[in-house]
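Asks: What follows is upload-v7.cif, mmCIF, C-alpha atoms and all ligand atoms.
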data_my_file
loop_
_atom_site.label_atom_id
_atom_site.label_comp_id
_atom_site.auth_asym_id
_atom_site.auth_seq_id
_atom_site.Cartn_x
_atom_site.Cartn_y
_atom_site.Cartn_z
CA MET A 657 0.09 10.66 11.26
CA ASP A 658 0.41 6.84 10.91
CA PHE A 659 -1.85 4.01 9.78
CA SER A 660 -3.28 3.47 13.25
CA GLU A 661 -4.59 7.06 13.15
CA ILE A 662 -5.90 6.56 9.62
CA ALA A 663 -7.60 3.22 10.47
CA ARG A 664 -11.12 4.46 11.24
CA GLU A 665 -11.41 6.53 8.06
CA TYR A 666 -9.42 4.13 5.86
CA ASP A 667 -12.32 2.35 4.12
CA ARG A 668 -14.01 5.59 3.02
CA ARG A 669 -10.76 6.97 1.59
CA ALA A 670 -9.00 3.94 0.13
CA VAL A 671 -10.97 3.69 -3.11
CA VAL A 672 -7.95 3.28 -5.42
CA GLN A 673 -6.38 0.56 -3.24
CA ALA A 674 -9.71 -1.30 -3.19
CA SER A 675 -10.22 -1.31 -6.98
CA ALA A 676 -6.61 -2.34 -7.67
CA GLY A 677 -7.01 -5.03 -4.99
CA GLU A 678 -10.06 -6.49 -6.75
CA ARG A 679 -7.98 -6.77 -9.92
CA LEU A 680 -5.21 -8.57 -7.98
CA LEU A 681 -7.82 -10.97 -6.59
CA GLU A 682 -8.89 -11.85 -10.14
CA LEU A 683 -5.28 -12.42 -11.22
CA LEU A 684 -4.65 -14.77 -8.28
CA GLU A 685 -7.70 -16.97 -9.06
CA ILE A 686 -8.13 -18.17 -5.47
CA ARG A 687 -9.83 -21.57 -5.45
CA ASP A 688 -12.20 -23.09 -2.93
CA SER A 689 -10.54 -24.51 0.21
CA GLU A 690 -7.21 -22.73 -0.37
CA ASP A 691 -5.52 -21.26 2.73
CA VAL A 692 -4.76 -17.56 2.25
CA LEU A 693 -2.56 -15.04 4.06
CA ASP A 694 -3.47 -11.37 3.52
CA LEU A 695 -0.14 -9.64 4.14
CA GLY A 696 -0.63 -6.02 5.29
CA CYS A 697 -4.40 -6.52 5.48
CA GLY A 698 -5.23 -3.01 6.80
CA THR A 699 -8.81 -2.86 8.05
CA GLY A 700 -9.70 -6.23 6.50
CA THR A 701 -12.10 -5.24 3.70
CA LEU A 702 -10.22 -7.24 1.07
CA THR A 703 -9.62 -10.06 3.58
CA MET A 704 -13.40 -10.47 3.60
CA LYS A 705 -13.45 -10.60 -0.23
CA ILE A 706 -10.91 -13.44 0.04
CA ARG A 707 -13.22 -15.16 2.58
CA GLU A 708 -15.95 -15.22 -0.08
CA LYS A 709 -13.66 -17.15 -2.45
CA THR A 710 -12.45 -19.97 -0.22
CA SER A 711 -13.61 -22.12 2.65
CA GLY A 712 -9.95 -22.53 3.77
CA ARG A 713 -8.10 -20.65 6.48
CA VAL A 714 -7.99 -16.86 5.94
CA LEU A 715 -5.57 -14.86 8.06
CA GLY A 716 -4.86 -11.12 7.81
CA VAL A 717 -1.69 -9.67 9.34
CA ASP A 718 -0.62 -6.06 9.60
CA ALA A 719 2.18 -4.16 11.33
CA GLU A 720 -0.16 -1.51 12.78
CA GLU A 721 -2.15 -2.46 15.86
CA GLY A 722 -4.79 0.20 15.03
CA MET A 723 -5.54 -1.41 11.66
CA ILE A 724 -5.87 -4.87 13.25
CA LEU A 725 -8.19 -3.57 15.99
CA GLU A 726 -10.43 -2.00 13.34
CA ALA A 727 -10.40 -5.20 11.24
CA ARG A 728 -11.29 -7.36 14.27
CA LYS A 729 -14.07 -4.97 15.27
CA LYS A 730 -15.65 -5.20 11.82
CA TYR A 731 -15.03 -8.81 10.83
CA GLY A 732 -13.56 -10.66 13.82
CA THR A 733 -16.58 -12.92 14.20
CA ARG A 734 -16.94 -13.80 10.53
CA GLY A 735 -14.52 -16.67 10.06
CA VAL A 736 -11.38 -14.65 9.41
CA PHE A 737 -8.47 -14.12 11.79
CA PHE A 738 -6.34 -11.02 12.27
CA GLU A 739 -2.94 -10.69 13.92
CA SER A 740 -0.64 -7.77 14.46
CA ILE A 741 2.70 -8.87 12.92
CA SER A 742 4.99 -7.03 10.54
CA ALA A 743 5.74 -8.73 7.24
CA GLU A 744 9.44 -8.84 8.12
CA GLU A 745 8.61 -10.98 11.16
CA ILE A 746 6.16 -13.57 9.83
CA ALA A 747 7.30 -17.08 10.73
CA PHE A 748 4.86 -19.46 9.01
CA HIS A 749 6.17 -22.68 7.53
CA GLU A 750 4.46 -24.10 4.39
CA GLU A 751 1.02 -23.10 5.71
CA PHE A 752 -0.57 -21.11 2.88
CA ASP A 753 -1.59 -21.76 -0.73
CA VAL A 754 -1.78 -18.05 -1.50
CA ILE A 755 -0.28 -14.82 -0.17
CA PHE A 756 -2.23 -11.70 -1.12
CA CYS A 757 -0.36 -8.41 -0.72
CA ASN A 758 -2.21 -5.30 -1.83
CA SER A 759 -0.85 -1.72 -1.62
CA VAL A 760 1.73 -2.72 1.00
CA PHE A 761 4.93 -3.77 -0.80
CA GLN A 762 6.14 -0.15 -1.13
CA TRP A 763 6.24 0.09 2.67
CA PHE A 764 8.63 -2.81 3.21
CA GLN A 765 11.97 -1.69 4.60
CA GLU A 766 13.54 -5.07 3.78
CA PRO A 767 11.63 -6.43 0.75
CA GLN A 768 14.09 -9.26 0.13
CA LYS A 769 13.70 -10.50 3.72
CA VAL A 770 9.90 -10.32 3.40
CA LEU A 771 9.99 -12.33 0.17
CA SER A 772 12.21 -15.01 1.74
CA ARG A 773 9.73 -15.32 4.62
CA CYS A 774 6.82 -15.46 2.16
CA TYR A 775 8.57 -18.25 0.26
CA ILE A 776 8.89 -20.30 3.44
CA ALA A 777 5.27 -19.52 4.45
CA LEU A 778 3.88 -20.91 1.18
CA LYS A 779 3.17 -24.57 0.49
CA LYS A 780 4.92 -26.07 -2.54
CA GLY A 781 3.17 -24.75 -5.67
CA GLY A 782 1.72 -21.80 -3.71
CA ARG A 783 1.27 -18.33 -5.24
CA ILE A 784 2.01 -14.80 -4.13
CA GLY A 785 0.25 -11.79 -5.66
CA VAL A 786 1.47 -8.24 -5.20
CA GLN A 787 -0.15 -4.98 -6.26
CA ALA A 788 1.72 -1.81 -5.33
CA PRO A 789 2.51 1.66 -6.57
CA ALA A 790 5.73 1.52 -8.61
CA ARG A 791 8.37 3.91 -10.00
CA ARG A 792 9.81 7.01 -8.37
CA VAL A 793 7.00 9.01 -10.01
CA TYR A 794 4.41 6.60 -8.59
CA CYS A 795 1.64 9.21 -8.84
CA PRO A 796 2.40 12.37 -10.89
CA ASN A 797 -0.45 14.23 -9.15
CA PHE A 798 1.00 13.61 -5.68
CA ILE A 799 4.56 14.39 -6.84
CA LYS A 800 3.38 17.73 -8.29
CA ALA A 801 1.69 18.64 -4.99
CA ILE A 802 4.81 17.63 -3.05
CA GLU A 803 7.00 19.81 -5.29
CA GLU A 804 4.80 22.74 -4.27
CA VAL A 805 5.36 21.85 -0.60
CA ARG A 806 9.11 21.79 -1.27
CA ARG A 807 8.98 25.28 -2.79
CA ASP A 808 6.88 26.80 -0.02
CA SER A 809 8.68 29.58 1.87
CA ASN A 810 7.10 28.57 5.22
CA ILE A 811 7.55 24.81 5.36
CA GLY A 812 9.89 23.97 2.44
CA GLU A 813 12.92 24.05 4.71
CA THR A 814 11.43 21.56 7.20
CA PHE A 815 10.29 19.31 4.35
CA ARG A 816 13.93 18.92 3.30
CA HIS A 817 14.32 16.80 6.47
CA PHE A 818 11.78 14.25 5.21
CA ARG A 819 13.26 10.84 4.31
CA GLN A 820 10.95 8.91 2.04
CA PRO A 821 10.11 5.50 3.55
CA TRP A 822 8.86 3.86 0.35
CA PHE A 823 10.53 1.30 -1.83
CA PHE A 824 9.99 1.78 -5.56
CA LEU A 825 11.64 0.14 -8.57
CA GLU A 826 11.42 1.54 -12.09
CA THR A 827 10.80 -1.56 -14.24
CA GLU A 828 8.86 -4.81 -14.04
CA GLU A 829 12.15 -6.65 -14.76
CA GLU A 830 13.66 -5.24 -11.55
CA TYR A 831 10.65 -6.44 -9.54
CA ARG A 832 10.77 -9.80 -11.31
CA GLU A 833 14.43 -10.22 -10.34
CA LEU A 834 13.66 -9.55 -6.68
CA PHE A 835 11.14 -12.39 -6.65
CA GLU A 836 13.43 -14.72 -8.59
CA ILE A 837 16.26 -14.15 -6.08
CA ALA A 838 13.84 -15.35 -3.37
CA GLY A 839 13.25 -18.55 -5.39
CA PHE A 840 9.92 -17.73 -7.06
CA ARG A 841 8.98 -18.22 -10.69
CA VAL A 842 7.20 -15.08 -11.89
CA LEU A 843 4.01 -15.89 -13.81
CA HIS A 844 2.80 -12.36 -14.45
CA SER A 845 4.47 -8.98 -14.05
CA GLU A 846 3.40 -5.62 -15.42
CA ILE A 847 3.52 -1.97 -14.42
CA GLU A 848 0.31 -0.38 -15.55
CA GLU A 849 -0.61 3.29 -15.68
CA VAL A 850 -4.04 3.40 -14.05
CA THR A 851 -6.09 6.60 -14.44
CA THR A 852 -9.27 7.39 -12.54
CA LYS A 853 -11.29 10.63 -12.33
CA HIS A 854 -12.10 12.29 -9.00
CA THR A 855 -12.99 15.62 -7.48
CA PRO A 856 -10.06 17.38 -5.75
CA GLU A 857 -11.63 16.51 -2.36
CA GLU A 858 -11.70 12.82 -3.29
CA VAL A 859 -8.07 12.96 -4.43
CA PHE A 860 -7.18 14.52 -1.10
CA ARG A 861 -8.96 11.69 0.75
CA ILE A 862 -7.04 9.16 -1.36
CA PHE A 863 -3.80 10.98 -0.45
CA ASP A 864 -4.88 10.72 3.18
CA SER A 865 -5.45 6.95 2.94
CA GLY A 866 -1.76 6.14 2.47
CA ALA A 867 0.65 8.89 1.40
CA SER A 868 -0.06 10.95 4.55
CA ALA A 869 1.22 8.06 6.68
CA GLY A 870 4.61 8.79 5.08
CA TYR A 871 4.75 12.52 4.33
CA LEU A 872 3.16 13.56 7.63
CA ASN A 873 4.67 10.94 9.92
CA GLN A 874 7.15 12.18 12.51
CA ARG A 875 9.03 8.87 12.14
CA TYR A 876 10.35 9.99 8.73
CA TYR A 877 11.74 13.38 9.77
CA ASP A 878 14.91 14.10 11.70
CA VAL A 879 13.44 17.38 13.01
CA LYS A 880 10.24 17.91 14.98
CA ILE A 881 7.10 18.55 12.91
CA ASP A 882 4.26 20.36 14.62
CA GLU A 883 0.56 20.88 14.01
CA SER A 884 1.08 24.13 12.05
CA TYR A 885 3.47 22.31 9.69
CA ILE A 886 0.90 19.57 9.14
CA GLN A 887 -1.91 22.07 8.55
CA ARG A 888 0.12 24.11 6.03
CA PHE A 889 1.28 20.93 4.27
CA ARG A 890 -2.29 19.70 3.89
CA GLN A 891 -3.44 23.10 2.65
CA ILE A 892 -0.76 23.21 -0.10
CA VAL A 893 -1.59 19.68 -1.20
CA MET A 894 -5.33 20.41 -1.30
CA GLU A 895 -4.78 23.61 -3.32
CA SER A 896 -2.55 21.73 -5.74
CA PHE A 897 -5.30 19.12 -6.35
CA GLN A 898 -7.80 21.96 -6.89
CA ASN A 899 -5.47 23.49 -9.49
CA GLN A 900 -5.04 20.10 -11.19
CA ALA A 901 -8.79 19.82 -11.90
CA GLY A 902 -9.89 20.20 -15.53
CA PRO A 903 -12.95 22.13 -16.82
CA SER A 904 -15.26 19.31 -15.58
CA GLY A 905 -13.99 19.95 -12.03
CA LYS A 906 -12.36 16.49 -11.97
CA VAL A 907 -8.71 15.49 -11.62
CA ASN A 908 -7.24 12.71 -13.79
CA LEU A 909 -5.52 10.77 -11.03
CA VAL A 910 -2.68 8.64 -12.40
CA PHE A 911 -0.93 5.82 -10.55
CA ASN A 912 1.81 3.54 -11.85
CA ARG A 913 0.87 0.18 -10.41
CA LEU A 914 2.76 -3.10 -10.30
CA PHE A 915 0.69 -6.28 -10.68
CA LEU A 916 2.82 -9.36 -10.09
CA VAL A 917 1.97 -13.02 -9.50
CA ALA A 918 4.70 -15.55 -8.69
CA LYS A 919 4.80 -19.22 -7.79
CA LYS A 920 6.83 -21.32 -5.36
CA LEU A 921 8.20 -24.26 -7.34
C1 LIG B 1001 -2.47 1.29 1.99
S1 LIG B 1001 -2.71 0.17 3.31
C2 LIG B 1001 -3.31 -1.28 2.43
C3 LIG B 1001 -4.22 -2.15 3.28
C4 LIG B 1001 -4.93 -3.27 2.55
N1 LIG B 1001 -4.01 -4.28 2.05
C5 LIG B 1001 -5.78 -2.73 1.42
O1 LIG B 1001 -5.49 -3.03 0.26
O2 LIG B 1001 -6.73 -1.99 1.69
C6 LIG B 1001 -1.06 -0.30 3.73
C7 LIG B 1001 -1.00 -1.21 4.95
O3 LIG B 1001 0.32 -1.76 5.05
C8 LIG B 1001 0.62 -1.91 6.41
N2 LIG B 1001 2.06 -2.09 6.54
C9 LIG B 1001 3.04 -1.18 6.29
N3 LIG B 1001 4.24 -1.73 6.50
C10 LIG B 1001 4.04 -3.01 6.88
C11 LIG B 1001 4.90 -4.07 7.24
N4 LIG B 1001 6.21 -3.93 7.26
N5 LIG B 1001 4.34 -5.25 7.58
C12 LIG B 1001 2.99 -5.41 7.59
N6 LIG B 1001 2.13 -4.43 7.26
C13 LIG B 1001 2.65 -3.24 6.91
C14 LIG B 1001 0.05 -0.63 7.01
O4 LIG B 1001 -0.09 -0.71 8.40
C15 LIG B 1001 -1.26 -0.50 6.26
O5 LIG B 1001 -2.31 -1.14 6.94
#
Mind turning the file's structure into structure tokens?
Ligand SMILES: C[S@@+](CC[C@H](N)C(=O)[O-])C[C@H]1O[C@@H](n2cnc3c(N)ncnc32)[C@H](O)[C@@H]1O
Replies:
Amino acid sequence: MDFSEIAREYDRRAVVQASAGERLLELLEIRDSEDVLDLGCGTGTLTMKIREKTSGRVLGVDAEEGMILEARKKYGTRGVFFESISAEEIAFHEEFDVIFCNSVFQWFQEPQKVLSRCYIALKKGGRIGVQAPARRVYCPNFIKAIEEVRRDSNIGETFRHFRQPWFFLETEEEYRELFEIAGFRVLHSEIEEVTTKHTPEEVFRIFDSGASAGYLNQRYYDVKIDESYIQRFRQIVMESFQNQAGPSGKVNLVFNRLFLVAKKL
């Protein structure tokens, strides 16, 4: 399962990314007529929120063709542009006032290269804003469910062949340093523990809006995973979320989230 397969259902499932993204938008204070790049735009919902804030150029880019096709289908005629490019390959030169990067940074295989390219893409004085899950225990609820997968007598052995694709740092200082190495001055950096309440089914949909594209993606295994593996994996995760629900039937879903804004001097 990858993001192209998730694309059609993404908006219904991605409630936590959307609310954290709104907060990032506020932190960035996008002004009228600023040119904005939405890096890893997904299906374009937040790109449209950016459109509402500026009359400047708004471009969304994403590595997955399926996400870009969905974004174009929904918003392609509404004054925003979408292109299928991975963040490691962007080649803009002092074209944007703002780079908005929501729930994507953890996916970068070469974060330092991406940040260097972002630096070049920004005009002098431009800002970059990043919101992303942070820390090895980025979501204790997901980690607990994954531990149960690891212990399962049917699929635990295959799961040992999974190589996590995500990039997480433990402290805001470590993230800050990464941006400073690329030449940025960090204006705001915090890792916040964000808790929201959901039914187990909603938590499962949230899991399916991002984490599944890692845990259930053949690309990150060095052995073949088949449909029965995927089905069993999903069943264990769902049961774990059901067991995590309190007396109200809701799960306290916790994410450690980085909010960082930096400036090109
Ligand atoms: C959880 S979604 C977030 C989408 C959107 N920014 C939002 O907040 O709803 C993560 C997105 O990152 C994209 N992505 C992952 N790695 C990428 C890369 N190296 N370059 C560009 N996009 C990437 C995925 O295709 C996916 O659309």
Asks: Using all atoms listed in the file, which protein or nucleic acid residues come within 12 Å of Ile755 (chain A)? Drop anything in the same chain fewer than 5 positions from it, and give the result as a PyMOL selection string.
Replies: chain A and resi 680-681+684-686+690-697+703+706+713-717+743+746+748+750+770-771+773-779+781-787+916-920
Asks: Do you have the CA of Asn797 (chain A)-CA of Val859 (chain A) distance handy?
Replies: 9.1 Å
Asks: Which polymer residues have any atom within 12 Å of an atom of region 889-891 of chain A, counting only C-alpha atoms, with same-chain residues fewer than 2 positions away left out, as a VMD selection string?
Replies: chain A and resid 657 798 801 to 812 814 to 815 857 860 to 861 863 to 864 867 to 868 871 to 873 881 to 887 893 to 898
Asks: Separation of CA of Glu858 (chain A) and atom O1 of ligand LIG 1001 (chain B), in Å?
Replies: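 Separation of CA of Glu858 (chain A) and atom O1 of ligand LIG 1001 (chain B): 17.4 Å.
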Asks: Out of A:Asn912, A:Gln673, A:Ser904, A:Thr710, which residue has the shortest atom-to-atom distance to ligand LIG 1001 (chain B) when counting all atoms listed in the file?
Replies: A:Gln673
Asks: Please give me, as an mmCIF file with C-alpha atoms, in the frame of the given file, the residues lying within 6 Å of ligand LIG 1001 (chain B) when counting only C-alpha atoms and all ligand atoms.
Replies:
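Saved the output as result-v4.cif:
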data_model
loop_
_atom_site.group_PDB
_atom_site.id
_atom_site.type_symbol
_atom_site.label_atom_id
_atom_site.label_comp_id
_atom_site.auth_asym_id
_atom_site.auth_seq_id
_atom_site.Cartn_x
_atom_site.Cartn_y
_atom_site.Cartn_z
ATOM 1 C CA PHE A 659 -1.850 4.010 9.780
ATOM 2 C CA GLN A 673 -6.380 0.560 -3.240
ATOM 3 C CA ALA A 674 -9.710 -1.300 -3.190
ATOM 4 C CA GLY A 677 -7.010 -5.030 -4.990
ATOM 5 C CA GLY A 696 -0.630 -6.020 5.290
ATOM 6 C CA CYS A 697 -4.400 -6.520 5.480
ATOM 7 C CA GLY A 698 -5.230 -3.010 6.800
ATOM 8 C CA ASP A 718 -0.620 -6.060 9.600
ATOM 9 C CA ALA A 719 2.180 -4.160 11.330
ATOM 10 C CA GLU A 720 -0.160 -1.510 12.780
ATOM 11 C CA MET A 723 -5.540 -1.410 11.660
ATOM 12 C CA SER A 742 4.990 -7.030 10.540
ATOM 13 C CA ALA A 743 5.740 -8.730 7.240
ATOM 14 C CA GLU A 744 9.440 -8.840 8.120
ATOM 15 C CA ASN A 758 -2.210 -5.300 -1.830
ATOM 16 C CA SER A 759 -0.850 -1.720 -1.620
ATOM 17 C CA VAL A 760 1.730 -2.720 1.000
ATOM 18 C CA TRP A 763 6.240 0.090 2.670
ATOM 19 C CA PHE A 764 8.630 -2.810 3.210
ATOM 20 C CA GLY A 866 -1.760 6.140 2.470
#
Asks: If you measure from CA of Glu708 (chain A) to CA of Lys730 (chain A), what distance in Å do you get, rounded to one decimal?
Replies: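 Computed distance, CA of Glu708 (chain A) to CA of Lys730 (chain A), equals 15.6 Å.
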Asks: So that I can check the surroundings of Gly732 (chain A), please list as a list in words every protein, DNA and RNA residue that reaches within 12 Å of it, counting all atoms listed in the file and ignoring chain neighbours fewer than 5 positions away.
Replies: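 Selected residues are Thr699, Gly700, Thr701, Thr703, Met704, Val714, Leu715, Gly716, Ile724, Leu725, Glu726, Ala727, Phe737, Phe738 and Glu739 of chain A.
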Asks: Using all atoms listed in the file, determine which residues lie at most 9 Å from Arg792 (chain A), disregarding the query and same-chain residues fewer than 2 positions distant; provide the list as a list in words.
Replies: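 In the requested format, the answer is Ala790, Tyr794, Cys795, Phe823, Phe824, Leu825 and Glu826 of chain A.
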Asks: Would you give the centre and edge lengths, in Å to one decimal, of a box along x, y and z around the listed atoms of region 896-908 of chain A, with 4 Å added to each side, as JSON?
Replies:
{"center_x": -8.9, "center_y": 18.1, "center_z": -11.3, "size_x": 20.7, "size_y": 18.8, "size_z": 19.1}
Asks: Which of these residues is nearest to Glu721 (chain A), using all atoms listed in the file: A:Ile892, A:Glu766, A:Glu661, A:Ser772?
Replies: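 Smallest separation from Glu721 (chain A) among the options: A:Glu661.
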Asks: Would you please work out which residue, of A:Arg728, A:Arg875, A:Lys780, A:Arg734, is nearest to Asp753 (chain A) when using all atoms listed in the file?
Replies: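 Nearest candidate to Asp753 (chain A) out of A:Arg728, A:Arg875, A:Lys780, A:Arg734: A:Lys780.
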Asks: Using only C-alpha atoms for the distances, tell me which of A:Lys800, A:Arg913, A:Arg832, A:Lys709 is nearest to Ser845 (chain A).
Replies: A:Arg832
Asks: Restricting the calculation to all atoms listed in the file: of A:Gln874, A:Asn899, A:Asn908, A:Ser711, which residue gets closest to Val736 (chain A)?
Replies: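 Residue with the minimum atom-to-atom distance to Val736 (chain A): A:Ser711.
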